[in-house]
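So the structure is just underneath, and the comments pick up after that.
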Amino acid sequence: EGGIERHTYDVIVVGAGGAGLRAAIAAHEAGANTLVVCKSLLGKAHTVMAEGGIAAALGNRWPEDNWEVHFRDTMRGGKMLNHWRMAQLHAQEAPERVMELEDWGALFDRTDDGLISQRDFGGHRYARLAHVGDRTGLEMIRTLQQRAVQIGIDVAMECTVTEILKDGERVSGVFGYWRETGRFVVFEAPAVILATGGIGKAFKVTSNSWEYTGDGHALALRSGASLINMEFVQFHPTGMVWPPSVKGLLVTESVRGDGGILKNSEGKRFMFDYIPDFFKAETADTEEEADRWYDDKKNNRRPPELLPRDEVARAINSEIKAGRGTPHGGIYLDIASRRTPDFIRKRLPSMYHQFKELADVDITQEPMEIGPTCHYVMGGVEVDPDTQETAVTGLYAVGECSGGMHGSNRLGGNSLGDLLVFGKLAGEAASSYVQGLPERPPVADEQVREGQWSAVAPFASEGGENPYSIQSDLQQAMNDLVGIIRTAPELEEALSAIEALKARVGTMSVEGHRQYNPGWHLSLDLRNMLLVSESIAKAALARKESRGGHTRDDFPKTDHDVWGKKNLVVTLDEAGTGVVLKEQPLPEMPDELKKYFEES
Ligand code: FAD
């Protein structure tokens, strides 16, 4: 092959979801020559699937709402493991970021007096989610994309980044390939912002799209950064369970926010049996009070169906295990008996169509069958809370691939806010870092050659397994052994399974050539999925308590004295083929913020 295609920029953003686009806009507006690289077509990022809304204390429905209440809800939802500074910045800046989206042309649903409407979601004290029906992510992407294109940001689509290039300890660019032609490309830049999203494709049942293979997590690890909170994976309580082809597909929490309730096969509304002490004071304990809450939120407490996601997912799991599940192994989610068909079609148009088309179920007439699905990873690249810079100079991370903001459990709606708030901060910080550099770090030819060798390695071995069977075994192992309820023996079994899978990856082979070859693409993604899976399983084995998105059957209690005071952090091991784990004390919250938690 002749010379490798090269381009030079100030800032490279890897990922064109909400986080990547917002970061690119900020970097460009701060004067940096910016490129966005993405695996799929522009507009196809996973953010487009977000349904419920963006959490921001605008105070439109509840004047009592403000950043302090949002901050408190976020920290309590994350069971106090969140980085307090990220939760604070997020709560303070989300309203401005939403208003700015509106300035850029986003059309949010309105209240009767013309303000941006806000809907209820689990764990949020007040109705707080700005939304566009149940298609909020689509509107967000549409708006950000239009803005990015309008101000002239370059985009490299269908291009996968496989290596971060470094000059000594500093970033010097990225290496990747064009998915269509298989040709390699180098983008040189002193600053790289990872915005690659989540890891859901490491699990069998997931609401996530094919892109979520943990690339940013693994790229960061391999270039010397650390991951934090990896044991915390969010299983959304309500994914479709049937038909099998769509198992895991999300059923938005808005169904419950708008009146839907959960019932077992005996017709019992069971969530009242699962209200934890931590949330007793703010949760209704009778059906009457719960039902009154929808119309009179001041004088009633919220229904238990709107507890944080980890609580609801565990409750559903217990009911199914106890033999009170539906014919297809789920639980009933019923809005048909509670709201008029008109209301349901208007508030939840996508859900109506999703069930009608995929399951032949009319949700205005019948209950849905749902069950937990792997949805979101709280864990991610450890960053400075104010600049989003990682431990590697010039490397930043934002959005779902970064960690710290959500602690052990993310509240619904807090991801879209996270993308906007930290996207902007990262773009600005990266741009100012580049502008302050006396000279640009060079890209070494040797590293480019290594990137090539490593990318073509799967073609070199013959007669090995194909990557699809390895991926499917990984997904099954993660689902069965590192899922919603965990135990030490199962986690140990998962870690040995991962070691065995690594060995199989070492000898797998890929057929054909580099032109559009999905098998080859998967073979490269698999390495990332394995590193991320190992990080999750190792951290899950080490954390001997249950908290948020991490439930240990052998350690069912939340242990505030020991485990409430530390985070687990993983870095690449010396061989570069696995990860090592260390404990790290939580950052100390300043006294003026501690006061919000004194009564609890
Ligand atoms: P993404 O939007 O996934 O973007 C990732 C980008 O990185 C893509 O462009 C991809 O092509 C690119 N990429 C990945 N790897 C590479 C690579 N190696 N090289 C080049 N490019 C790469 N959150 C809320 O707050 N409110 C909601 O209502 C809500 N609803 C949701 C509904 C569903 C069905 C799901 C699955 C999630 C929902 N979430 C919601 C969560 C939220 O949507 C995601 O956490 C968020 O969109 C992630 O955005 P991101 O910018 O970090 O990543």
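Following the order of the structure tokens, first chain is A, next is B, and so on, with residues numbered from 1 inside each chain and ligands from 1 in the order they appear.
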Could you list, with a cut-off of 6 Å and counting only C-alpha atoms and all ligand atoms, the residues of chain A near ligand 1, each shown with its nearest atom pair and the distance in Å rounded to one decimal, rows sorted by chain and ascending number, as a tab-separated table?
residue	atom	partner	partner_atom_place_in_ligand_line	distance
A:Val14	CA	ligand 1	21 (N)	5.1
A:Gly15	CA	ligand 1	7 (O)	3.1
A:Ala16	CA	ligand 1	9 (O)	3.6
A:Gly17	CA	ligand 1	2 (O)	3.2
A:Gly18	CA	ligand 1	51 (O)	4.0
A:Ala19	CA	ligand 1	51 (O)	3.8
A:Gly20	CA	ligand 1	51 (O)	5.5
A:Val37	CA	ligand 1	20 (C)	5.3
A:Cys38	CA	ligand 1	21 (N)	3.4
A:Lys39	CA	ligand 1	11 (O)	3.7
A:Ser40	CA	ligand 1	11 (O)	4.6
A:Ala45	CA	ligand 1	8 (C)	4.2
A:His46	CA	ligand 1	3 (O)	3.7
A:Thr47	CA	ligand 1	47 (O)	3.1
A:Met49	CA	ligand 1	34 (C)	4.8
A:Ala50	CA	ligand 1	30 (N)	3.2
A:Glu51	CA	ligand 1	28 (O)	4.0
A:Gly52	CA	ligand 1	28 (O)	3.3
A:Gly53	CA	ligand 1	28 (O)	4.2
A:Ile54	CA	ligand 1	25 (O)	5.3
A:Cys159	CA	ligand 1	20 (C)	5.7
A:Thr160	CA	ligand 1	19 (N)	3.6
A:Val161	CA	ligand 1	19 (N)	3.9
A:Thr162	CA	ligand 1	18 (N)	5.8
A:Ala195	CA	ligand 1	52 (O)	5.3
A:Thr196	CA	ligand 1	7 (O)	3.4
A:Gly197	CA	ligand 1	53 (O)	3.5
A:Ser207	CA	ligand 1	36 (C)	4.8
A:Asn208	CA	ligand 1	36 (C)	4.6
A:Glu211	CA	ligand 1	14 (C)	5.7
A:Asp215	CA	ligand 1	18 (N)	4.9
A:Leu250	CA	ligand 1	34 (C)	4.9
A:His375	CA	ligand 1	36 (C)	5.7
A:Gly399	CA	ligand 1	52 (O)	3.6
A:Glu400	CA	ligand 1	52 (O)	4.0
A:Cys401	CA	ligand 1	52 (O)	5.9
A:Gly412	CA	ligand 1	25 (O)	5.4
A:Gly413	CA	ligand 1	25 (O)	3.1
A:Asn414	CA	ligand 1	25 (O)	4.5
A:Ser415	CA	ligand 1	25 (O)	3.5
A:Leu416	CA	ligand 1	25 (O)	3.7
A:Leu419	CA	ligand 1	51 (O)	5.9
Now that the selection is made, can you save its residues with N, CA and C atoms as a tab-separated table (two decimals), in the first residue's frame?
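File written: again25.tsv
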chain	number	residue	atom	x	y	z
A	14	VAL	N	-13.80	12.12	18.65
A	14	VAL	CA	-14.16	10.77	18.20
A	14	VAL	C	-15.57	10.47	18.69
A	15	GLY	N	-16.55	10.56	17.79
A	15	GLY	CA	-17.95	10.32	18.16
A	15	GLY	C	-18.82	11.50	17.79
A	16	ALA	N	-19.97	11.20	17.17
A	16	ALA	CA	-20.87	12.26	16.71
A	16	ALA	C	-22.23	12.15	17.38
A	17	GLY	N	-22.26	11.66	18.62
A	17	GLY	CA	-23.49	11.72	19.41
A	17	GLY	C	-23.61	13.11	20.01
A	18	GLY	N	-24.51	13.24	20.98
A	18	GLY	CA	-24.71	14.55	21.60
A	18	GLY	C	-23.42	15.09	22.21
A	19	ALA	N	-22.66	14.24	22.86
A	19	ALA	CA	-21.44	14.69	23.55
A	19	ALA	C	-20.40	15.17	22.53
A	20	GLY	N	-20.17	14.35	21.50
A	20	GLY	CA	-19.17	14.70	20.51
A	20	GLY	C	-19.53	15.97	19.75
A	37	VAL	N	-15.00	12.56	13.99
A	37	VAL	CA	-14.89	11.25	13.32
A	37	VAL	C	-15.98	10.35	13.90
A	38	CYS	N	-16.71	9.62	13.06
A	38	CYS	CA	-17.70	8.69	13.61
A	38	CYS	C	-17.80	7.40	12.80
A	39	LYS	N	-18.11	6.32	13.53
A	39	LYS	CA	-18.19	4.98	12.94
A	39	LYS	C	-19.34	4.84	11.96
A	40	SER	N	-20.47	5.52	12.27
A	40	SER	CA	-21.64	5.37	11.41
A	40	SER	C	-21.85	6.67	10.63
A	45	ALA	N	-25.87	8.35	15.42
A	45	ALA	CA	-25.31	8.03	16.74
A	45	ALA	C	-26.44	7.60	17.67
A	46	HIS	N	-26.05	6.92	18.70
A	46	HIS	CA	-26.98	6.33	19.63
A	46	HIS	C	-27.87	7.37	20.32
A	47	THR	N	-27.35	8.58	20.47
A	47	THR	CA	-28.14	9.65	21.10
A	47	THR	C	-29.51	9.79	20.43
A	49	MET	N	-31.55	7.71	19.73
A	49	MET	CA	-32.56	6.82	20.29
A	49	MET	C	-33.13	7.32	21.62
A	50	ALA	N	-32.53	8.33	22.21
A	50	ALA	CA	-32.98	8.79	23.53
A	50	ALA	C	-34.43	9.26	23.43
A	51	GLU	N	-35.20	8.83	24.40
A	51	GLU	CA	-36.64	9.04	24.29
A	51	GLU	C	-37.17	10.07	25.26
A	52	GLY	N	-36.89	9.86	26.55
A	52	GLY	CA	-37.61	10.58	27.60
A	52	GLY	C	-37.37	12.08	27.68
A	53	GLY	N	-36.12	12.50	27.69
A	53	GLY	CA	-35.89	13.93	27.79
A	53	GLY	C	-34.56	14.29	28.44
A	54	ILE	N	-34.37	15.61	28.59
A	54	ILE	CA	-33.14	16.17	29.16
A	54	ILE	C	-33.46	16.74	30.53
A	159	CYS	N	-15.90	6.02	9.70
A	159	CYS	CA	-14.47	5.90	9.90
A	159	CYS	C	-14.27	5.48	11.36
A	160	THR	N	-13.61	4.35	11.59
A	160	THR	CA	-13.42	3.85	12.95
A	160	THR	C	-12.01	4.13	13.43
A	161	VAL	N	-11.90	4.73	14.61
A	161	VAL	CA	-10.60	5.00	15.22
A	161	VAL	C	-10.17	3.75	16.00
A	162	THR	N	-8.95	3.27	15.74
A	162	THR	CA	-8.48	2.08	16.46
A	162	THR	C	-7.29	2.35	17.39
A	195	ALA	N	-15.70	10.55	22.61
A	195	ALA	CA	-17.15	10.70	22.86
A	195	ALA	C	-17.85	9.53	22.20
A	196	THR	N	-17.36	8.32	22.52
A	196	THR	CA	-17.75	7.12	21.78
A	196	THR	C	-18.95	6.38	22.37
A	197	GLY	N	-19.52	6.86	23.48
A	197	GLY	CA	-20.71	6.21	24.04
A	197	GLY	C	-20.38	4.99	24.88
A	207	SER	N	-30.43	-2.54	25.32
A	207	SER	CA	-31.17	-1.53	24.56
A	207	SER	C	-30.23	-0.78	23.62
A	208	ASN	N	-28.96	-1.13	23.65
A	208	ASN	CA	-27.96	-0.33	22.93
A	208	ASN	C	-27.81	-0.76	21.47
A	211	GLU	N	-23.16	0.12	17.72
A	211	GLU	CA	-21.92	0.90	17.86
A	211	GLU	C	-21.30	0.82	19.26
A	215	ASP	N	-15.38	1.27	22.60
A	215	ASP	CA	-14.13	1.67	21.94
A	215	ASP	C	-13.39	2.77	22.71
A	250	LEU	N	-35.71	-0.78	24.19
A	250	LEU	CA	-36.19	0.02	25.32
A	250	LEU	C	-37.66	0.37	25.26
A	375	HIS	N	-28.50	-1.19	29.73
A	375	HIS	CA	-28.90	0.08	29.13
A	375	HIS	C	-27.80	1.13	29.10
A	399	GLY	N	-19.44	12.39	27.77
A	399	GLY	CA	-20.63	11.60	27.47
A	399	GLY	C	-20.56	10.25	28.15
A	400	GLU	N	-21.25	9.28	27.56
A	400	GLU	CA	-21.37	7.99	28.24
A	400	GLU	C	-20.02	7.31	28.43
A	401	CYS	N	-19.03	7.60	27.59
A	401	CYS	CA	-17.74	6.92	27.76
A	401	CYS	C	-16.91	7.52	28.90
A	412	GLY	N	-32.60	8.87	35.04
A	412	GLY	CA	-33.07	9.10	33.68
A	412	GLY	C	-33.02	10.59	33.36
A	413	GLY	N	-32.66	10.91	32.14
A	413	GLY	CA	-32.61	12.31	31.74
A	413	GLY	C	-31.29	12.98	32.06
A	414	ASN	N	-30.51	12.38	32.96
A	414	ASN	CA	-29.23	12.98	33.33
A	414	ASN	C	-28.12	12.68	32.33
A	415	SER	N	-28.38	11.81	31.35
A	415	SER	CA	-27.32	11.60	30.37
A	415	SER	C	-27.34	12.71	29.33
A	416	LEU	N	-28.52	13.03	28.81
A	416	LEU	CA	-28.55	14.06	27.77
A	416	LEU	C	-28.02	15.38	28.31
A	419	LEU	N	-24.19	15.15	28.37
A	419	LEU	CA	-23.55	15.30	27.06
A	419	LEU	C	-23.33	16.77	26.75
Inset, instruction - List every residue of region 91-301 of chain A that DSSP, applied to the backbone of this structure, assigns to alpha helix (DSSP H), and report them as an MDAnalysis selection string. - result: chainID A and resid 91:103 136:150 215:222 254:257 277:280 287:293
Can you check which parts of region 449-498 of chain A lie within 12 Å of region 168-190 of chain A? Per residue, the shortest pair of atoms and distance in Å to one decimal, counting only C-alpha atoms, sorted by chain and number, as a Markdown table.
| residue | atom | partner | partner_atom | distance |
| --- | --- | --- | --- | --- |
| A:Arg449 | CA | A:Phe175 | CA | 10.0 |
| A:Glu450 | CA | A:Phe175 | CA | 10.0 |
| A:Gly451 | CA | A:Phe175 | CA | 6.7 |
| A:Gln452 | CA | A:Phe184 | CA | 7.5 |
| A:Trp453 | CA | A:Phe184 | CA | 11.1 |
| A:Ser454 | CA | A:Gly176 | CA | 11.1 |
| A:Ala455 | CA | A:Gly176 | CA | 8.8 |
| A:Val456 | CA | A:Gly182 | CA | 10.0 |
Inset, instruction - Find, counting only C-alpha atoms, the residue in A:Lys595, A:Arg347, A:His328, A:His7 that gets nearest to Arg135 (chain A). - result: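 Looking only at the distances to Arg135 (chain A), the closest residue turns out to be A:Arg347.
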Inset, instruction - Quote the spacing between CA of Ser265 (chain A) and CA of Val241 (chain A) in Å to one decimal place. - result: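 These atoms are spaced 14.8 Å apart.
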Inset, instruction - Can you pull out every residue within 12 Å of Lys280 (chain A), counting only C-alpha atoms, but drop anything in the same chain fewer than 3 positions away, and send it as a ChimeraX atom specification? - result: /A:272-277,283-286,301-304,307,600
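As for CA of Ala87 (chain A) and CA of Leu35 (chain A), they are spaced 28.5 Å apart.
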Inset, instruction - Using only C-alpha atoms, pick whichever of A:Ile193, A:Gly43, A:Gly260, A:Glu305 has the shortest atom-to-atom distance to Met157 (chain A). - result: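 Checking each of A:Ile193, A:Gly43, A:Gly260, A:Glu305 against Met157 (chain A), counting only C-alpha atoms, the winner is A:Gly43.
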Inset, instruction - Show which residues sit within 10 Å of Gln365 (chain A), as a ChimeraX atom specification. Count only C-alpha atoms, and ignore same-chain residues fewer than 4 positions away. - result: /A:334-337,339-341,361
Kindly save the residues from that selection, with N, CA and C atoms included, as a PDB file, in the first residue's frame.
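The new file selection01.pdb reads:
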ATOM      1  N   ASP A 334     -48.599  -1.702  32.488  1.00  0.00           N
ATOM      2  CA  ASP A 334     -49.964  -1.428  32.056  1.00  0.00           C
ATOM      3  C   ASP A 334     -50.256   0.066  32.077  1.00  0.00           C
ATOM      4  N   ILE A 335     -50.488   0.623  30.900  1.00  0.00           N
ATOM      5  CA  ILE A 335     -50.981   2.002  30.852  1.00  0.00           C
ATOM      6  C   ILE A 335     -52.384   2.002  30.251  1.00  0.00           C
ATOM      7  N   ALA A 336     -52.745   0.895  29.561  1.00  0.00           N
ATOM      8  CA  ALA A 336     -54.032   0.817  28.861  1.00  0.00           C
ATOM      9  C   ALA A 336     -55.215   1.005  29.814  1.00  0.00           C
ATOM     10  N   SER A 337     -55.112   0.414  31.016  1.00  0.00           N
ATOM     11  CA  SER A 337     -56.252   0.492  31.929  1.00  0.00           C
ATOM     12  C   SER A 337     -56.237   1.807  32.718  1.00  0.00           C
ATOM     13  N   ARG A 339     -55.058   5.151  31.272  1.00  0.00           N
ATOM     14  CA  ARG A 339     -55.145   6.402  30.507  1.00  0.00           C
ATOM     15  C   ARG A 339     -55.955   6.153  29.242  1.00  0.00           C
ATOM     16  N   THR A 340     -56.507   7.219  28.668  1.00  0.00           N
ATOM     17  CA  THR A 340     -57.315   7.059  27.458  1.00  0.00           C
ATOM     18  C   THR A 340     -56.412   6.781  26.263  1.00  0.00           C
ATOM     19  N   PRO A 341     -56.943   6.086  25.250  1.00  0.00           N
ATOM     20  CA  PRO A 341     -56.155   5.831  24.046  1.00  0.00           C
ATOM     21  C   PRO A 341     -55.585   7.124  23.441  1.00  0.00           C
ATOM     22  N   VAL A 361     -48.950  -5.649  19.545  1.00  0.00           N
ATOM     23  CA  VAL A 361     -49.663  -5.337  20.784  1.00  0.00           C
ATOM     24  C   VAL A 361     -50.126  -3.888  20.713  1.00  0.00           C
TER      25      VAL A 361
END
Where does region 155-216 of chain A meet region 531-549 of chain A within 8 Å, residue by residue, with the nearest atom pair and distance in Å to one decimal for each, counting only C-alpha atoms, listed by chain and rising number, as JSON lines?
{"residue": "A:Ile199", "atom": "CA", "partner": "A:Val532", "partner_atom": "CA", "distance": 7.5}
{"residue": "A:Ala202", "atom": "CA", "partner": "A:Ser533", "partner_atom": "CA", "distance": 6.8}
{"residue": "A:Gly214", "atom": "CA", "partner": "A:Val532", "partner_atom": "CA", "distance": 6.5}
Inset, instruction - Do a neighbour search on region 353-360 of chain A at 10 Å with only C-alpha atoms, toss out local chain neighbours closer than 2 positions, and write the hits as a list in words. - result: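 Surrounding residues, per the criterion: Met240, Val241, Trp242, Pro243, Pro244, Ser245, Val246, Leu249, Leu250, Val251, Arg345, Leu348, Pro349, Ser350, Met351, Asp362, Ile363, Met368 and Glu369 of chain A.
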Keeping only C-alpha atoms, take the residues you just selected and write them out as a PDB file, in the first residue's frame.
ATOM      1  CA  MET A 240     -39.230  -5.535  25.486  1.00  0.00           C
ATOM      2  CA  VAL A 241     -39.031  -9.274  26.192  1.00  0.00           C
ATOM      3  CA  TRP A 242     -40.877 -10.472  23.123  1.00  0.00           C
ATOM      4  CA  PRO A 243     -40.627 -11.161  20.180  1.00  0.00           C
ATOM      5  CA  PRO A 244     -37.067 -12.542  20.487  1.00  0.00           C
ATOM      6  CA  SER A 245     -35.754 -10.457  17.588  1.00  0.00           C
ATOM      7  CA  VAL A 246     -36.264  -7.243  19.571  1.00  0.00           C
ATOM      8  CA  LEU A 249     -35.342  -2.865  23.006  1.00  0.00           C
ATOM      9  CA  LEU A 250     -36.186   0.019  25.323  1.00  0.00           C
ATOM     10  CA  VAL A 251     -39.622   0.876  26.649  1.00  0.00           C
ATOM     11  CA  ARG A 345     -51.051   7.987  21.452  1.00  0.00           C
ATOM     12  CA  LEU A 348     -46.090   8.099  23.712  1.00  0.00           C
ATOM     13  CA  PRO A 349     -46.307   7.940  19.922  1.00  0.00           C
ATOM     14  CA  SER A 350     -43.101   5.948  19.399  1.00  0.00           C
ATOM     15  CA  MET A 351     -44.022   3.378  22.046  1.00  0.00           C
ATOM     16  CA  ASP A 362     -51.936  -2.282  21.035  1.00  0.00           C
ATOM     17  CA  ILE A 363     -50.713  -0.542  24.192  1.00  0.00           C
ATOM     18  CA  MET A 368     -46.941  -4.597  27.596  1.00  0.00           C
ATOM     19  CA  GLU A 369     -44.612  -7.418  28.619  1.00  0.00           C
TER      20      GLU A 369
END
Legend entry - Which of A:Ala191, A:Ala27, A:Leu138, A:Ala127 sits closest to Ile151 (chain A) [using only C-alpha atoms]: A:Ala27
Legend entry - Who sits within 7 Å of region 232-235 of chain A, only C-alpha atoms, same chain under 6 positions skipped, as a PyMOL selection string: chain A and resi 310+313+372-379+408-409+484+549-550
Inset, instruction - Show which residues sit within 6 Å of region 330-332 of chain A, as a list in words. Count only C-alpha atoms, and ignore same-chain residues fewer than 2 positions away. - result: Leu262, Lys263, Asn264, Gly325, Thr326, His328, Pro367, Met368, Glu369, Ile370 and Gly371 of chain A
Write the residues of the preceding selection, restricted to C-alpha atoms, as an mmCIF file, in the first residue's frame.
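Output saved as result.cif:
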data_model
loop_
_atom_site.group_PDB
_atom_site.id
_atom_site.type_symbol
_atom_site.label_atom_id
_atom_site.label_comp_id
_atom_site.auth_asym_id
_atom_site.auth_seq_id
_atom_site.Cartn_x
_atom_site.Cartn_y
_atom_site.Cartn_z
ATOM 1 C CA LEU A 262 -46.161 -2.684 36.962
ATOM 2 C CA LYS A 263 -48.117 -5.880 37.664
ATOM 3 C CA ASN A 264 -47.154 -9.515 38.100
ATOM 4 C CA GLY A 325 -43.651 -13.540 35.465
ATOM 5 C CA THR A 326 -45.590 -13.267 32.202
ATOM 6 C CA HIS A 328 -42.658 -14.572 27.783
ATOM 7 C CA PRO A 367 -50.522 -4.319 28.893
ATOM 8 C CA MET A 368 -46.941 -4.597 27.596
ATOM 9 C CA GLU A 369 -44.612 -7.418 28.619
ATOM 10 C CA ILE A 370 -41.276 -6.041 29.799
ATOM 11 C CA GLY A 371 -38.102 -7.039 31.656
#
List as JSON lines every residue of region 126-235 of chain A that is in contact with region 469-477 of chain A, defined as an atom at most 9 Å from one of its atoms (using only C-alpha atoms), together with the nearest atom pair and the distance in Å rounded to one decimal, sorted by chain and then rising number.
{"residue": "A:Lys201", "atom": "CA", "partner": "A:Gln475", "partner_atom": "CA", "distance": 7.3}
{"residue": "A:Ala202", "atom": "CA", "partner": "A:Gln475", "partner_atom": "CA", "distance": 5.1}
{"residue": "A:Phe203", "atom": "CA", "partner": "A:Gln475", "partner_atom": "CA", "distance": 4.3}
{"residue": "A:Lys204", "atom": "CA", "partner": "A:Gln475", "partner_atom": "CA", "distance": 4.5}
{"residue": "A:Val205", "atom": "CA", "partner": "A:Gln475", "partner_atom": "CA", "distance": 8.2}
Write a file of the just-selected residues containing C-alpha atoms, as a compact mmCIF listing (two decimals), in the first residue's frame.
# COMPACT_ATOMS: atom_id res chain seq x y z
CA LYS A 201 -22.96 -4.79 23.08
CA ALA A 202 -20.87 -6.77 25.57
CA PHE A 203 -24.20 -8.05 26.97
CA LYS A 204 -26.74 -10.27 25.26
CA VAL A 205 -29.91 -8.40 26.19
